[in-house]
$ cat start.txt   # compact mmCIF, C-alpha atoms
# COMPACT_ATOMS: atom_id res chain seq x y z
CA MET A 1012 2.63 -24.21 -25.81
CA SER A 1013 4.44 -21.67 -27.96
CA PRO A 1014 8.05 -20.62 -27.21
CA GLU A 1015 6.72 -17.17 -26.34
CA GLU A 1016 4.31 -18.61 -23.77
CA LEU A 1017 7.04 -20.82 -22.30
CA LYS A 1018 9.23 -17.76 -21.90
CA LYS A 1019 6.45 -15.89 -20.12
CA LEU A 1020 5.84 -18.86 -17.81
CA GLY A 1021 9.55 -18.84 -16.99
CA LYS A 1022 9.28 -15.19 -16.01
CA LEU A 1023 6.26 -15.99 -13.87
CA ARG A 1024 8.25 -18.68 -12.08
CA GLU A 1025 11.06 -16.18 -11.52
CA MET A 1026 8.53 -13.85 -9.92
CA ILE A 1027 7.45 -16.61 -7.54
CA PHE A 1028 11.09 -17.29 -6.61
CA GLN A 1029 11.71 -13.60 -5.99
CA LEU A 1030 8.67 -13.35 -3.71
CA ALA A 1031 9.82 -16.45 -1.87
CA LEU A 1032 13.15 -14.69 -1.35
CA GLY A 1033 11.35 -11.70 0.10
CA ASN A 1034 12.00 -9.45 -2.87
CA PHE A 1035 8.62 -7.70 -2.87
CA ALA A 1036 9.90 -4.95 -5.17
CA TYR A 1037 10.21 -7.40 -8.08
CA ARG A 1038 7.67 -6.92 -10.89
CA PHE A 1039 6.49 -9.06 -13.79
CA TYR A 1040 6.71 -7.08 -17.04
CA LEU A 1041 3.27 -6.62 -18.61
CA ALA A 1042 2.74 -6.02 -22.31
CA ASP A 1043 -0.64 -7.48 -23.12
CA MET A 1044 -3.40 -7.42 -20.53
CA GLU A 1045 -5.58 -9.82 -22.52
CA ASP A 1046 -3.05 -12.62 -22.28
CA GLU A 1047 -3.91 -15.26 -19.63
CA ILE A 1048 -0.31 -15.69 -18.44
CA GLU A 1049 0.26 -11.97 -18.24
CA ASN A 1050 -2.98 -11.58 -16.37
CA THR A 1051 -1.63 -13.95 -13.75
CA GLY A 1052 1.57 -11.87 -13.83
CA LEU A 1053 -0.54 -8.81 -13.07
CA LEU A 1054 -2.02 -10.59 -10.06
CA MET A 1055 1.48 -11.49 -8.92
CA ASN A 1056 2.45 -7.81 -9.16
CA LEU A 1057 -0.54 -6.86 -7.05
CA LEU A 1058 0.35 -9.61 -4.58
CA ALA A 1059 3.91 -8.27 -4.32
CA GLU A 1060 2.54 -4.80 -3.57
CA GLU A 1061 0.25 -6.15 -0.87
CA LEU A 1062 2.98 -8.33 0.66
CA SER A 1063 5.40 -5.43 0.90
CA GLU A 1064 2.83 -3.64 3.05
CA PHE A 1065 1.93 -6.77 4.97
CA PHE A 1066 5.48 -7.76 5.84
CA ILE A 1067 6.31 -6.53 9.30
CA TYR A 1068 9.33 -7.75 11.12
CA PRO A 1069 8.34 -9.39 14.42
CA GLY A 1070 10.37 -7.07 16.64
CA VAL A 1071 7.91 -4.19 16.21
CA PHE A 1072 5.62 -5.69 18.79
CA GLY A 1073 8.26 -5.89 21.46
CA GLU A 1074 10.88 -3.34 20.48
CA LYS A 1075 10.51 0.39 20.57
CA ASN A 1076 11.00 0.97 16.88
CA LEU A 1077 12.47 -0.39 13.71
CA ALA A 1078 16.03 0.83 13.20
CA ASP A 1079 16.61 3.50 10.55
CA PRO A 1080 18.12 2.04 7.41
CA TYR A 1081 21.75 2.29 6.36
CA VAL A 1082 21.94 3.91 2.94
CA PHE A 1083 24.81 4.30 0.53
CA MET A 1084 25.20 4.95 -3.17
CA ALA A 1085 28.03 3.76 -5.41
CA ASP A 1086 28.86 4.38 -9.05
CA SER A 1087 29.52 1.70 -11.68
CA ASP A 1088 33.17 1.40 -10.47
CA PHE A 1089 31.88 0.74 -6.94
CA ILE A 1090 33.15 4.08 -5.66
CA ILE A 1091 30.92 5.45 -2.91
CA THR A 1092 29.21 8.65 -4.03
CA GLY A 1093 26.78 9.26 -1.19
CA ILE A 1094 25.75 8.01 2.28
CA ASN A 1095 23.28 8.76 5.06
CA SER A 1096 24.24 9.58 8.62
CA ARG A 1097 23.33 6.08 9.86
CA PHE A 1098 25.90 4.57 7.50
CA GLU A 1099 28.46 7.13 8.67
CA ASP A 1100 27.83 6.12 12.31
CA LEU A 1101 28.08 2.46 11.43
CA VAL A 1102 31.44 2.52 9.68
CA GLN A 1103 32.82 5.07 12.20
CA TYR A 1104 34.42 7.33 9.60
CA SER A 1105 33.31 10.90 8.87
CA GLU A 1106 31.57 11.55 5.57
CA PRO A 1107 34.57 13.11 3.68
CA ASN A 1108 36.55 9.95 4.52
CA ILE A 1109 33.89 7.70 3.02
CA THR A 1110 32.71 9.27 -0.23
CA GLY A 1111 35.17 8.84 -3.07
CA ARG A 1112 36.53 5.61 -1.58
CA SER A 1113 35.99 2.14 -2.93
CA LEU A 1114 33.09 0.13 -1.54
CA LYS A 1115 35.50 -2.73 -0.81
CA ASP A 1116 37.00 -0.69 2.08
CA PHE A 1117 33.70 -0.98 3.91
CA LEU A 1118 32.78 -4.59 3.21
CA ASN A 1119 34.31 -7.89 4.23
CA VAL A 1120 36.08 -9.80 1.45
CA GLU A 1121 33.29 -12.32 0.74
CA SER A 1122 30.63 -9.66 0.70
CA ASN A 1123 32.68 -7.47 -1.63
CA THR A 1124 33.11 -10.29 -4.14
CA GLU A 1125 29.49 -11.35 -3.94
CA ILE A 1126 27.96 -7.91 -4.22
CA ARG A 1127 30.05 -7.06 -7.32
CA GLU A 1128 29.14 -10.30 -9.06
CA ARG A 1129 25.46 -10.04 -8.25
CA LEU A 1130 25.17 -6.41 -9.27
CA LYS A 1131 26.98 -6.99 -12.54
CA LEU A 1132 24.91 -10.05 -13.27
CA ASN A 1133 21.55 -8.55 -12.39
CA PHE A 1134 22.03 -5.18 -13.98
CA LYS A 1135 23.94 -6.21 -17.08
CA ASP A 1136 20.79 -5.58 -19.02
CA LYS A 1137 20.66 -1.81 -18.60
CA ASP A 1138 16.90 -1.78 -18.85
CA THR A 1139 16.45 -3.78 -15.66
CA PHE A 1140 15.07 -1.61 -12.93
CA SER A 1141 13.75 -4.19 -10.47
CA PRO A 1142 15.85 -3.91 -7.31
CA ILE A 1143 17.62 -7.00 -5.99
CA LYS A 1144 17.74 -8.24 -2.45
CA LEU A 1145 21.22 -8.46 -0.94
CA LEU A 1146 22.77 -9.68 2.25
CA ILE A 1147 25.99 -7.81 2.95
CA SER A 1148 28.52 -7.59 5.77
CA ILE A 1149 29.58 -4.02 6.51
CA LEU A 1150 33.00 -3.49 8.04
CA SER A 1151 33.52 -0.65 10.53
CA LYS A 1152 36.76 1.18 11.44
CA ASP A 1153 37.25 -0.91 14.59
CA GLY A 1154 36.95 -4.16 12.62
CA ASN A 1155 33.39 -5.04 13.68
CA ILE A 1156 31.15 -6.60 11.07
CA THR A 1157 27.42 -5.86 10.86
CA LYS A 1158 25.30 -8.08 8.70
CA CYS A 1159 22.58 -6.22 6.82
CA TRP A 1160 19.93 -7.20 4.38
CA GLY A 1161 18.22 -4.82 2.05
CA TYR A 1162 17.49 -3.83 -1.51
CA CYS A 1163 19.88 -2.53 -4.10
CA HIS A 1164 18.37 -0.27 -6.74
CA PHE A 1165 19.81 0.50 -10.14
CA LEU A 1166 19.70 4.18 -11.10
CA LYS A 1167 20.65 6.10 -14.21
CA GLN A 1168 21.55 9.77 -14.40
CA GLY A 1169 23.15 11.68 -17.26
CA GLY A 1170 24.55 8.59 -18.95
CA LYS A 1171 26.04 7.28 -15.69
CA VAL A 1172 24.74 4.40 -13.63
CA TYR A 1173 24.57 4.12 -9.84
CA PHE A 1174 23.71 1.50 -7.24
CA LEU A 1175 21.63 2.60 -4.28
CA PHE A 1176 21.63 0.26 -1.30
CA ARG A 1177 19.16 0.59 1.54
CA GLY A 1178 19.50 -2.00 4.28
CA LEU A 1179 18.64 -2.92 7.82
CA PRO A 1180 20.74 -4.81 10.33
CA ILE A 1181 19.87 -8.44 10.91
CA GLY A 1182 18.87 -8.93 14.49
CA LYS A 1183 17.21 -6.64 16.94
CA ARG A 1184 18.31 -3.81 19.14
CA ASN A 1185 18.71 -4.33 22.85
CA HIS A 1186 18.01 -1.61 25.38
CA LYS A 1187 21.44 -0.08 24.92
CA ASP A 1188 20.73 0.22 21.20
CA LYS A 1189 23.43 -2.24 20.16
CA ILE A 1190 22.81 -4.72 17.42
CA VAL A 1191 22.25 -8.19 18.80
CA GLU A 1192 22.61 -11.10 16.40
CA THR A 1193 19.59 -13.36 16.33
CA SER A 1194 20.21 -16.99 17.08
CA ASN A 1195 19.61 -19.64 14.47
CA THR A 1196 16.02 -20.46 13.72
CA ASN A 1197 14.60 -22.92 16.19
CA ASP A 1198 11.17 -24.26 17.00
CA LYS A 1199 10.42 -21.51 19.48
CA SER A 1200 11.20 -18.71 17.06
CA GLN A 1201 9.13 -20.42 14.38
CA ILE A 1202 6.16 -20.59 16.71
CA LEU A 1203 6.68 -16.95 17.64
CA ALA A 1204 6.85 -15.95 13.98
CA LEU A 1205 3.58 -17.75 13.30
CA GLN A 1206 2.04 -16.04 16.30
CA TYR A 1207 3.11 -12.64 14.95
CA GLN A 1208 1.64 -13.46 11.57
CA ALA A 1209 -1.66 -14.44 13.22
CA ASP A 1210 -1.65 -11.23 15.26
CA ILE A 1211 -1.03 -9.12 12.16
CA LEU A 1212 -3.94 -10.84 10.44
CA ARG A 1213 -6.17 -10.02 13.40
CA ILE A 1214 -4.99 -6.42 13.40
CA ARG A 1215 -5.83 -6.13 9.71
CA LYS A 1216 -9.29 -7.43 10.54
CA VAL A 1217 -9.67 -4.71 13.18
CA HIS A 1218 -8.66 -2.18 10.50
CA GLN A 1219 -11.38 -3.53 8.23
CA TYR A 1220 -13.86 -3.50 11.13
CA ILE A 1221 -13.15 0.21 11.69
CA LEU A 1222 -13.70 0.95 8.00
CA ASN A 1223 -17.02 -0.85 8.17
CA ASN A 1224 -18.06 1.22 11.20
CA LEU A 1225 -17.39 4.77 10.13
CA HIS A 1226 -21.01 5.72 10.75
CA GLN A 1227 -20.88 5.14 14.52
CA THR A 1228 -18.66 5.43 17.58
CA LEU A 1229 -16.45 2.47 18.39
CA PRO A 1230 -16.72 0.40 21.56
CA PRO A 1231 -13.83 0.61 24.07
CA LEU A 1232 -10.49 -0.86 22.95
CA LYS A 1233 -10.84 -3.70 25.44
CA ILE A 1234 -14.06 -4.85 23.79
CA ILE A 1235 -12.62 -4.60 20.26
CA ALA A 1236 -9.55 -6.55 21.34
CA LYS A 1237 -11.70 -9.30 22.83
CA GLN A 1238 -13.83 -9.49 19.71
CA PHE A 1239 -10.72 -10.18 17.59
CA ASN A 1240 -8.98 -12.50 20.07
CA LEU A 1241 -6.23 -10.05 20.87
CA ASN A 1242 -5.19 -8.58 24.17
CA GLU A 1243 -5.46 -4.82 24.55
CA PHE A 1244 -1.68 -4.32 24.60
CA LYS A 1245 -1.13 -6.25 21.37
CA LEU A 1246 -3.95 -4.41 19.64
CA LYS A 1247 -2.56 -1.04 20.74
CA LYS A 1248 1.06 -1.78 19.87
CA GLY A 1249 0.31 -3.84 16.78
CA PHE A 1250 -2.11 -1.37 15.24
CA LYS A 1251 0.39 1.44 15.74
CA ALA A 1252 3.15 -0.67 14.20
CA VAL A 1253 1.14 -1.69 11.15
CA TYR A 1254 -0.79 1.53 10.50
CA GLN A 1255 1.37 4.19 12.27
CA THR A 1256 -1.65 5.53 14.16
CA THR A 1257 -3.96 4.51 16.99
CA VAL A 1258 -7.32 2.76 16.55
CA PHE A 1259 -9.33 5.78 17.63
CA LYS A 1260 -7.25 8.35 15.77
CA PHE A 1261 -7.60 6.30 12.61
CA HIS A 1262 -11.37 6.02 13.08
CA LEU A 1263 -11.73 9.75 13.75
CA ASN A 1264 -9.43 10.82 10.92
CA GLN A 1265 -11.12 8.61 8.38
CA ARG A 1266 -14.54 9.97 9.36
CA LEU A 1267 -13.33 13.57 9.25
CA GLU A 1268 -11.83 13.07 5.78
CA MET A 1269 -15.17 11.74 4.58
CA THR A 1270 -17.15 14.59 6.14
CA LEU A 1271 -14.86 17.00 4.30
CA LEU A 1272 -15.79 15.36 1.00
CA MET A 1273 -19.48 15.43 1.86
CA ILE A 1274 -19.36 19.12 2.78
CA ARG A 1275 -17.28 20.07 -0.24
CA ASP A 1276 -18.95 17.95 -2.90
CA THR A 1277 -22.57 17.53 -1.79
CA PRO A 1278 -25.37 19.81 -0.52
CA MET A 1279 -25.97 17.62 2.57
CA PRO A 1280 -26.78 19.81 5.64
CA LEU A 1281 -23.91 19.98 8.14
CA LYS A 1282 -25.90 18.44 10.99
CA MET A 1283 -26.79 15.51 8.75
CA VAL A 1284 -23.11 15.06 7.81
CA SER A 1285 -22.22 14.98 11.49
CA LYS A 1286 -24.92 12.39 12.19
CA THR A 1287 -24.08 10.25 9.15
CA TYR A 1288 -20.49 9.83 10.34
CA GLY A 1289 -21.41 8.99 13.93
CA PHE A 1290 -20.43 12.15 15.80
CA LYS A 1291 -22.30 12.31 19.09
CA ASP A 1292 -23.41 15.92 18.49
CA TYR A 1293 -22.75 18.78 16.11
CA THR A 1294 -20.65 20.78 18.60
CA HIS A 1295 -18.25 17.89 19.03
CA PHE A 1296 -18.06 17.41 15.26
CA SER A 1297 -17.44 21.10 14.65
CA LYS A 1298 -14.63 21.20 17.22
CA THR A 1299 -12.81 18.14 15.93
CA PHE A 1300 -13.24 19.27 12.33
CA LYS A 1301 -11.71 22.65 13.15
CA LYS A 1302 -8.85 20.99 14.99
CA LYS A 1303 -7.97 18.94 11.93
CA PHE A 1304 -8.72 21.31 9.06
CA GLY A 1305 -8.31 24.72 10.74
CA LYS A 1306 -11.87 25.84 9.97
CA THR A 1307 -15.29 24.95 11.36
CA PRO A 1308 -17.50 22.96 8.96
CA LYS A 1309 -19.64 26.07 8.49
CA ASP A 1310 -16.66 28.28 7.59
CA PHE A 1311 -15.25 25.58 5.35
CA LYS A 1312 -18.53 25.30 3.45
CA LYS A 1313 -18.69 29.06 3.05
CA SER A 1314 -15.12 29.27 1.78
CA TRP A 1315 -15.61 26.51 -0.75
CA MET B 915 -27.27 17.88 -14.60
CA ASP B 916 -27.04 14.10 -14.47
CA TYR B 917 -24.07 13.65 -16.81
CA ILE B 918 -20.31 14.26 -16.49
CA LYS B 919 -17.44 13.41 -18.81
CA ASN B 920 -13.85 14.20 -17.92
CA THR B 921 -10.35 12.75 -18.41
CA TYR B 922 -11.07 9.85 -16.09
CA ALA B 923 -14.62 8.79 -16.65
CA GLU B 924 -18.05 9.22 -18.11
CA ILE B 925 -20.72 9.29 -15.41
CA TYR B 926 -24.49 9.44 -15.69
CA ILE B 927 -27.62 8.44 -13.80
CA GLU B 928 -30.36 6.45 -15.51
CA ASP B 929 -33.34 4.57 -14.09
CA GLY B 930 -32.06 4.74 -10.52
CA ILE B 931 -28.59 3.43 -11.37
CA LEU B 932 -25.37 5.44 -11.57
CA TYR B 933 -23.32 4.38 -14.59
CA PHE B 934 -19.62 4.98 -14.15
CA LYS B 935 -17.48 4.24 -17.19
CA TYR B 936 -13.72 4.46 -16.72
CA LEU B 937 -11.84 5.99 -19.65
CA PRO B 938 -8.20 5.13 -20.37
CA PHE B 939 -5.72 7.59 -18.82
CA GLU B 940 -2.16 7.51 -17.54
CA ASN B 941 -1.04 7.28 -13.89
CA PHE B 942 -3.98 6.12 -11.85
CA ASP B 943 -2.63 7.37 -8.52
CA ILE B 944 -4.34 8.62 -5.37
CA GLU B 945 -4.72 12.13 -6.79
CA ALA B 946 -6.65 10.73 -9.75
CA ALA B 947 -8.72 8.58 -7.36
CA LYS B 948 -9.61 11.66 -5.27
CA LYS B 949 -10.75 13.60 -8.33
CA ILE B 950 -12.79 10.65 -9.55
CA VAL B 951 -14.63 10.25 -6.23
CA SER B 952 -15.16 13.99 -5.92
CA GLN B 953 -16.73 14.23 -9.40
CA ARG B 954 -19.08 11.37 -8.69
CA LEU B 955 -20.20 12.85 -5.34
CA LYS B 956 -20.90 16.19 -7.02
CA LEU B 957 -23.11 14.52 -9.58
CA GLN B 958 -25.00 12.53 -6.97
CA LYS B 959 -25.62 15.57 -4.75
CA GLU B 960 -26.35 13.71 -1.52
CA VAL B 961 -28.36 10.82 -2.93
CA PRO B 962 -26.92 7.29 -2.67
CA PHE B 963 -27.18 5.10 -5.77
CA PRO B 964 -26.32 1.57 -6.82
CA VAL B 965 -23.30 1.92 -9.13
CA LEU B 966 -22.49 0.07 -12.34
CA CYS B 967 -18.79 0.48 -12.84
CA ASP B 968 -17.59 -0.24 -16.37
CA ILE B 969 -13.90 -1.09 -15.99
CA ARG B 970 -13.25 -2.49 -19.46
CA GLN B 971 -10.90 0.40 -20.26
CA LEU B 972 -9.61 0.91 -16.73
CA THR B 973 -5.98 1.89 -16.18
CA LEU B 974 -4.47 -0.13 -13.34
CA PRO B 975 -4.77 1.94 -10.14
CA ASP B 976 -1.75 1.88 -7.82
CA ILE B 977 -2.00 0.51 -4.28
CA LYS B 978 -2.82 3.86 -2.62
CA ALA B 979 -5.48 4.60 -5.21
CA ARG B 980 -6.99 1.15 -4.64
CA ARG B 981 -7.12 1.68 -0.87
CA TYR B 982 -8.80 5.07 -1.38
CA LEU B 983 -11.34 3.70 -3.84
CA ALA B 984 -12.26 0.85 -1.49
CA VAL B 985 -13.26 3.26 1.29
CA GLU B 986 -13.94 6.77 -0.02
CA GLY B 987 -14.96 5.23 -3.34
CA SER B 988 -17.86 3.55 -1.56
CA MET B 989 -19.34 6.82 -0.31
CA LEU B 990 -22.95 7.33 -1.42
CA ALA B 991 -22.85 3.96 -3.18
CA LYS B 992 -25.47 1.41 -2.13
CA ALA B 993 -23.77 -1.38 -4.05
CA VAL B 994 -21.25 -1.71 -6.85
CA ALA B 995 -21.33 -4.03 -9.85
CA TYR B 996 -18.09 -4.16 -11.83
CA TRP B 997 -18.61 -4.83 -15.50
CA THR B 998 -15.54 -6.27 -17.17
CA ASP B 999 -14.26 -8.37 -20.05
CA PRO B 1000 -14.04 -12.10 -19.32
CA ILE B 1001 -10.24 -12.16 -19.14
CA GLY B 1002 -9.07 -8.55 -19.03
CA LYS B 1003 -9.95 -7.00 -15.69
CA GLU B 1004 -11.94 -9.82 -14.14
CA TYR B 1005 -9.06 -11.08 -11.99
CA LEU B 1006 -8.12 -7.54 -11.08
CA SER B 1007 -11.58 -6.70 -9.75
CA GLN B 1008 -11.83 -9.99 -7.87
CA PHE B 1009 -8.44 -9.26 -6.32
CA PHE B 1010 -9.56 -5.75 -5.38
CA ILE B 1011 -12.72 -7.01 -3.69
CA SER B 1012 -11.12 -9.85 -1.77
CA VAL B 1013 -8.14 -7.81 -0.55
CA ASN B 1014 -9.74 -4.44 0.12
CA GLN B 1015 -13.19 -5.69 1.12
CA PRO B 1016 -15.31 -2.64 0.27
CA PRO B 1017 -17.89 -1.96 3.01
CA ILE B 1018 -20.85 -2.25 0.59
CA PRO B 1019 -22.18 -5.16 -1.50
CA THR B 1020 -19.84 -5.59 -4.49
CA ALA B 1021 -19.77 -8.12 -7.32
CA VAL B 1022 -18.11 -8.70 -10.70
CA PHE B 1023 -19.97 -9.39 -13.95
CA THR B 1024 -18.89 -10.07 -17.50
CA ALA B 1025 -22.30 -9.21 -18.96
CA LYS B 1026 -23.86 -5.76 -18.57
CA ASP B 1027 -27.40 -7.14 -18.21
CA ASP B 1028 -26.39 -9.33 -15.28
CA ALA B 1029 -24.76 -6.35 -13.58
CA VAL B 1030 -27.90 -4.24 -14.01
CA GLU B 1031 -30.07 -7.08 -12.72
CA TYR B 1032 -27.88 -7.35 -9.59
CA LEU B 1033 -28.16 -3.62 -8.93
CA LYS B 1034 -31.95 -3.48 -9.38
CA ALA B 1035 -32.36 -4.98 -5.90
CA PHE B 1036 -30.73 -1.83 -4.49
CA ILE B 1037 -32.97 0.72 -6.27
CA GLU B 1038 -35.43 2.37 -3.90

$ encode --input "start.txt" --output "structure tokens"
Amino acid sequence: MSPEELKKLGKLREMIFQLALGNFAYRFYLADMEDEIENTGLLMNLLAEELSEFFIYPGVFGEKNLADPYVFMADSDFIITGINSRFEDLVQYSEPNITGRSLKDFLNVESNTEIRERLKLNFKDKDTFSPIKLLISILSKDGNITKCWGYCHFLKQGGKVYFLFRGLPIGKRNHKDKIVETSNTNDKSQILALQYQADILRIRKVHQYILNNLHQTLPPLKIIAKQFNLNEFKLKKGFKAVYQTTVFKFHLNQRLEMTLLMIRDTPMPLKMVSKTYGFKDYTHFSKTFKKKFGKTPKDFKKSW
Amino acid sequence: MDYIKNTYAEIYIEDGILYFKYLPFENFDIEAAKKIVSQRLKLQKEVPFPVLCDIRQLTLPDIKARRYLAVEGSMLAKAVAYWTDPIGKEYLSQFFISVNQPPIPTAVFTAKDDAVEYLKAFIE
């Protein structure tokens, strides 16, 4: 194997390590699509894209929502140049008392040392734009420490460089919206994690099932859930968590989007369009179409 | 008119098969995917065809474009045969099919004749 190929294989291994670390934003650099190793690198890039969509933290099934991220930006001297309101709430200072200060004022000592070393090391090559995954401990005014994990991005603007960190607290929120540390991994949590993974897989199958049935109405949720070995609650909650919509809204929306294309781009009669995409009658189709697009199918066709 | 050529593709219908040849272009995002599907539907009127998709010069579509092509890209297509170079885009198309599972029969070929043969079964 040539030195060049060995180098590429090394980069491929690095990609695997990064994925194993949960860094789904990492990408393998592609120069020559005809090269076998690079072709595998391309597949790894696609895998990373898919995984980043697939990865859902288990709490979404039981908790109300995923917490908003804490975001801050620092310049190359680690002076904070920008924050979001969540970060402001977390550190308990007002925005003018945060920006312009050193990042070390808001991190514990270990985290401060680690973050500086890792950022310098990872972004020493100024052409590196793959974000890195960081675990940091944020220090608030009252001395509390919140552990967060997230991605740090490297940005350039007008000859200056910046670090943008976007992170989420480790743990889950209790009903009073406080951060609760998760206990160490044990057998029970491992089983639960596997269960969540299996549920997500089933929910993705339901998604595919809907896409394969855009020409007809769907059976009741209870029946769909049974067909995919889920209970109705899990299907409802899980589908919403993964796809940010409900089963029936997704089915309806997808069909309406396709009818729009058929009306706009083909001469197919409107009643036939309605029938092709499984609407029970034309009146129902016309009403739902108008609700979504602001015009009846007839008016839309005329205006196009 | 049974022929279209634009920035994205060259499309024509011949002997009951729709030939769709991707041309190289930058930024294959969802907007490009929407235009591509729209152009094909216009050419087809409302008639479904088996589609031979020549992806030898394909620009890599991003994840949103891939999702769109898997669903909306299957509209008025009876079946799709991807024609690709042995190494180049073969893995890419196999990845696309196994992950996005298009709702119509789909297969990958490295020889044009094999692709045409596969599609013949879908000509009415």

$ closest_residue --input "start.txt" --among "B:Leu937, B:Ile1001, B:Ala991, B:Ile931" --to "Lys1034 in chain B" --atoms "all atoms listed in the file"
B:Ile931

$ closest_atom_pairs --input "start.txt" --of "chain A" --to "chain B" --cutoff "10 Å" --atoms "all atoms listed in the file" --output "CSV"
residue,atom,partner,partner_atom,distance
A:Asp1043,CA,B:Gly1002,CA,9.4
A:Met1044,CA,B:Gly1002,CA,6.0
A:Glu1045,CA,B:Gly1002,CA,5.1
A:Asp1046,CA,B:Ile1001,CA,7.9
A:Glu1047,CA,B:Ile1001,CA,7.1
A:Glu1049,CA,B:Gly1002,CA,10.0
A:Asn1050,CA,B:Gly1002,CA,7.3
A:Thr1051,CA,B:Tyr1005,CA,8.2
A:Leu1053,CA,B:Leu1006,CA,7.9
A:Leu1054,CA,B:Leu1006,CA,6.9
A:Leu1057,CA,B:Ile977,CA,8.0
A:Leu1058,CA,B:Phe1009,CA,9.0
A:Glu1060,CA,B:Ile977,CA,7.0
A:Glu1061,CA,B:Ile977,CA,7.8
A:Glu1064,CA,B:Ile977,CA,9.7
A:Gln1219,CA,B:Gln1015,CA,7.6
A:Tyr1220,CA,B:Pro1017,CA,9.2
A:Leu1222,CA,B:Val985,CA,7.1
A:Asn1223,CA,B:Pro1017,CA,5.3
A:Asn1224,CA,B:Pro1017,CA,8.8
A:Leu1225,CA,B:Pro1017,CA,9.8
A:Gln1265,CA,B:Glu986,CA,9.0
A:Arg1266,CA,B:Glu986,CA,9.9
A:Glu1268,CA,B:Glu986,CA,8.8
A:Met1269,CA,B:Glu986,CA,6.9
A:Leu1272,CA,B:Ser952,CA,7.1
A:Met1273,CA,B:Leu955,CA,7.7
A:Ile1274,CA,B:Glu960,CA,9.8
A:Arg1275,CA,B:Ser952,CA,8.6
A:Asp1276,CA,B:Lys956,CA,4.9
A:Thr1277,CA,B:Lys959,CA,4.7
A:Pro1278,CA,B:Lys959,CA,6.0
A:Met1279,CA,B:Glu960,CA,5.7
A:Pro1280,CA,B:Glu960,CA,9.4
A:Val1284,CA,B:Glu960,CA,10.0

$ atom_distance --input "start.txt" --atom1 "CA of Ile1149 in chain A" --atom2 "CA of Asn1123 in chain A"
9.4 Å

$ residues_near_point --input "start.txt" --point "(-30.9, -7.0, -10.8)" --cutoff "12 Å" --atoms "only C-alpha atoms" --output "JSON, numbers by chain"
{"B": [930, 931, 964, 965, 966, 993, 994, 995, 1021, 1023, 1026, 1027, 1028, 1029, 1030, 1031, 1032, 1033, 1034, 1035, 1036, 1037]}

$ write_last_selection --input "start.txt" --atoms "C-alpha atoms" --output "compact mmCIF listing (two decimals), in the frame of the given file"
# COMPACT_ATOMS: atom_id res chain seq x y z
CA GLY B 930 -32.06 4.74 -10.52
CA ILE B 931 -28.59 3.43 -11.37
CA PRO B 964 -26.32 1.57 -6.82
CA VAL B 965 -23.30 1.92 -9.13
CA LEU B 966 -22.49 0.07 -12.34
CA ALA B 993 -23.77 -1.38 -4.05
CA VAL B 994 -21.25 -1.71 -6.85
CA ALA B 995 -21.33 -4.03 -9.85
CA ALA B 1021 -19.77 -8.12 -7.32
CA PHE B 1023 -19.97 -9.39 -13.95
CA LYS B 1026 -23.86 -5.76 -18.57
CA ASP B 1027 -27.40 -7.14 -18.21
CA ASP B 1028 -26.39 -9.33 -15.28
CA ALA B 1029 -24.76 -6.35 -13.58
CA VAL B 1030 -27.90 -4.24 -14.01
CA GLU B 1031 -30.07 -7.08 -12.72
CA TYR B 1032 -27.88 -7.35 -9.59
CA LEU B 1033 -28.16 -3.62 -8.93
CA LYS B 1034 -31.95 -3.48 -9.38
CA ALA B 1035 -32.36 -4.98 -5.90
CA PHE B 1036 -30.73 -1.83 -4.49
CA ILE B 1037 -32.97 0.72 -6.27

$ closest_residue --input "start.txt" --among "A:Gln1168, A:Ser1148, A:Ser1105, A:Asn1133" --to "Asp1086 in chain A" --atoms "all atoms listed in the file"
A:Gln1168

$ atom_distance --input "start.txt" --atom1 "CA of Val1172 in chain A" --atom2 "CA of Ser1087 in chain A"
5.8 Å

$ residues_around --input "start.txt" --residues "range 1024-1027 of chain A" --least-positions-apart "3" --cutoff "8 Å" --atoms "all atoms listed in the file" --output "count of residues only"
8

$ atom_distance --input "start.txt" --atom1 "CA of Ile1147 in chain A" --atom2 "CA of Leu1118 in chain A"
7.5 Å

$ axis_aligned_box --input "start.txt" --around "range 946-951 of chain B" --padding-each-side "8 Å" --output "JSON"
{"center_x": -10.6, "center_y": 11.1, "center_z": -7.5, "size_x": 24.0, "size_y": 21.0, "size_z": 20.5}

$ closest_residue --input "start.txt" --among "B:Val1022, B:Ile944, B:Cys967, B:Leu972" --to "Tyr922 in chain B" --atoms "all atoms listed in the file"
B:Leu972

$ residues_around --input "start.txt" --residues "Arg1213 in chain A" --least-positions-apart "6" --cutoff "9 Å" --atoms "only C-alpha atoms" --output "JSON, numbers by chain"
{"A": [1239, 1240, 1241, 1246]}
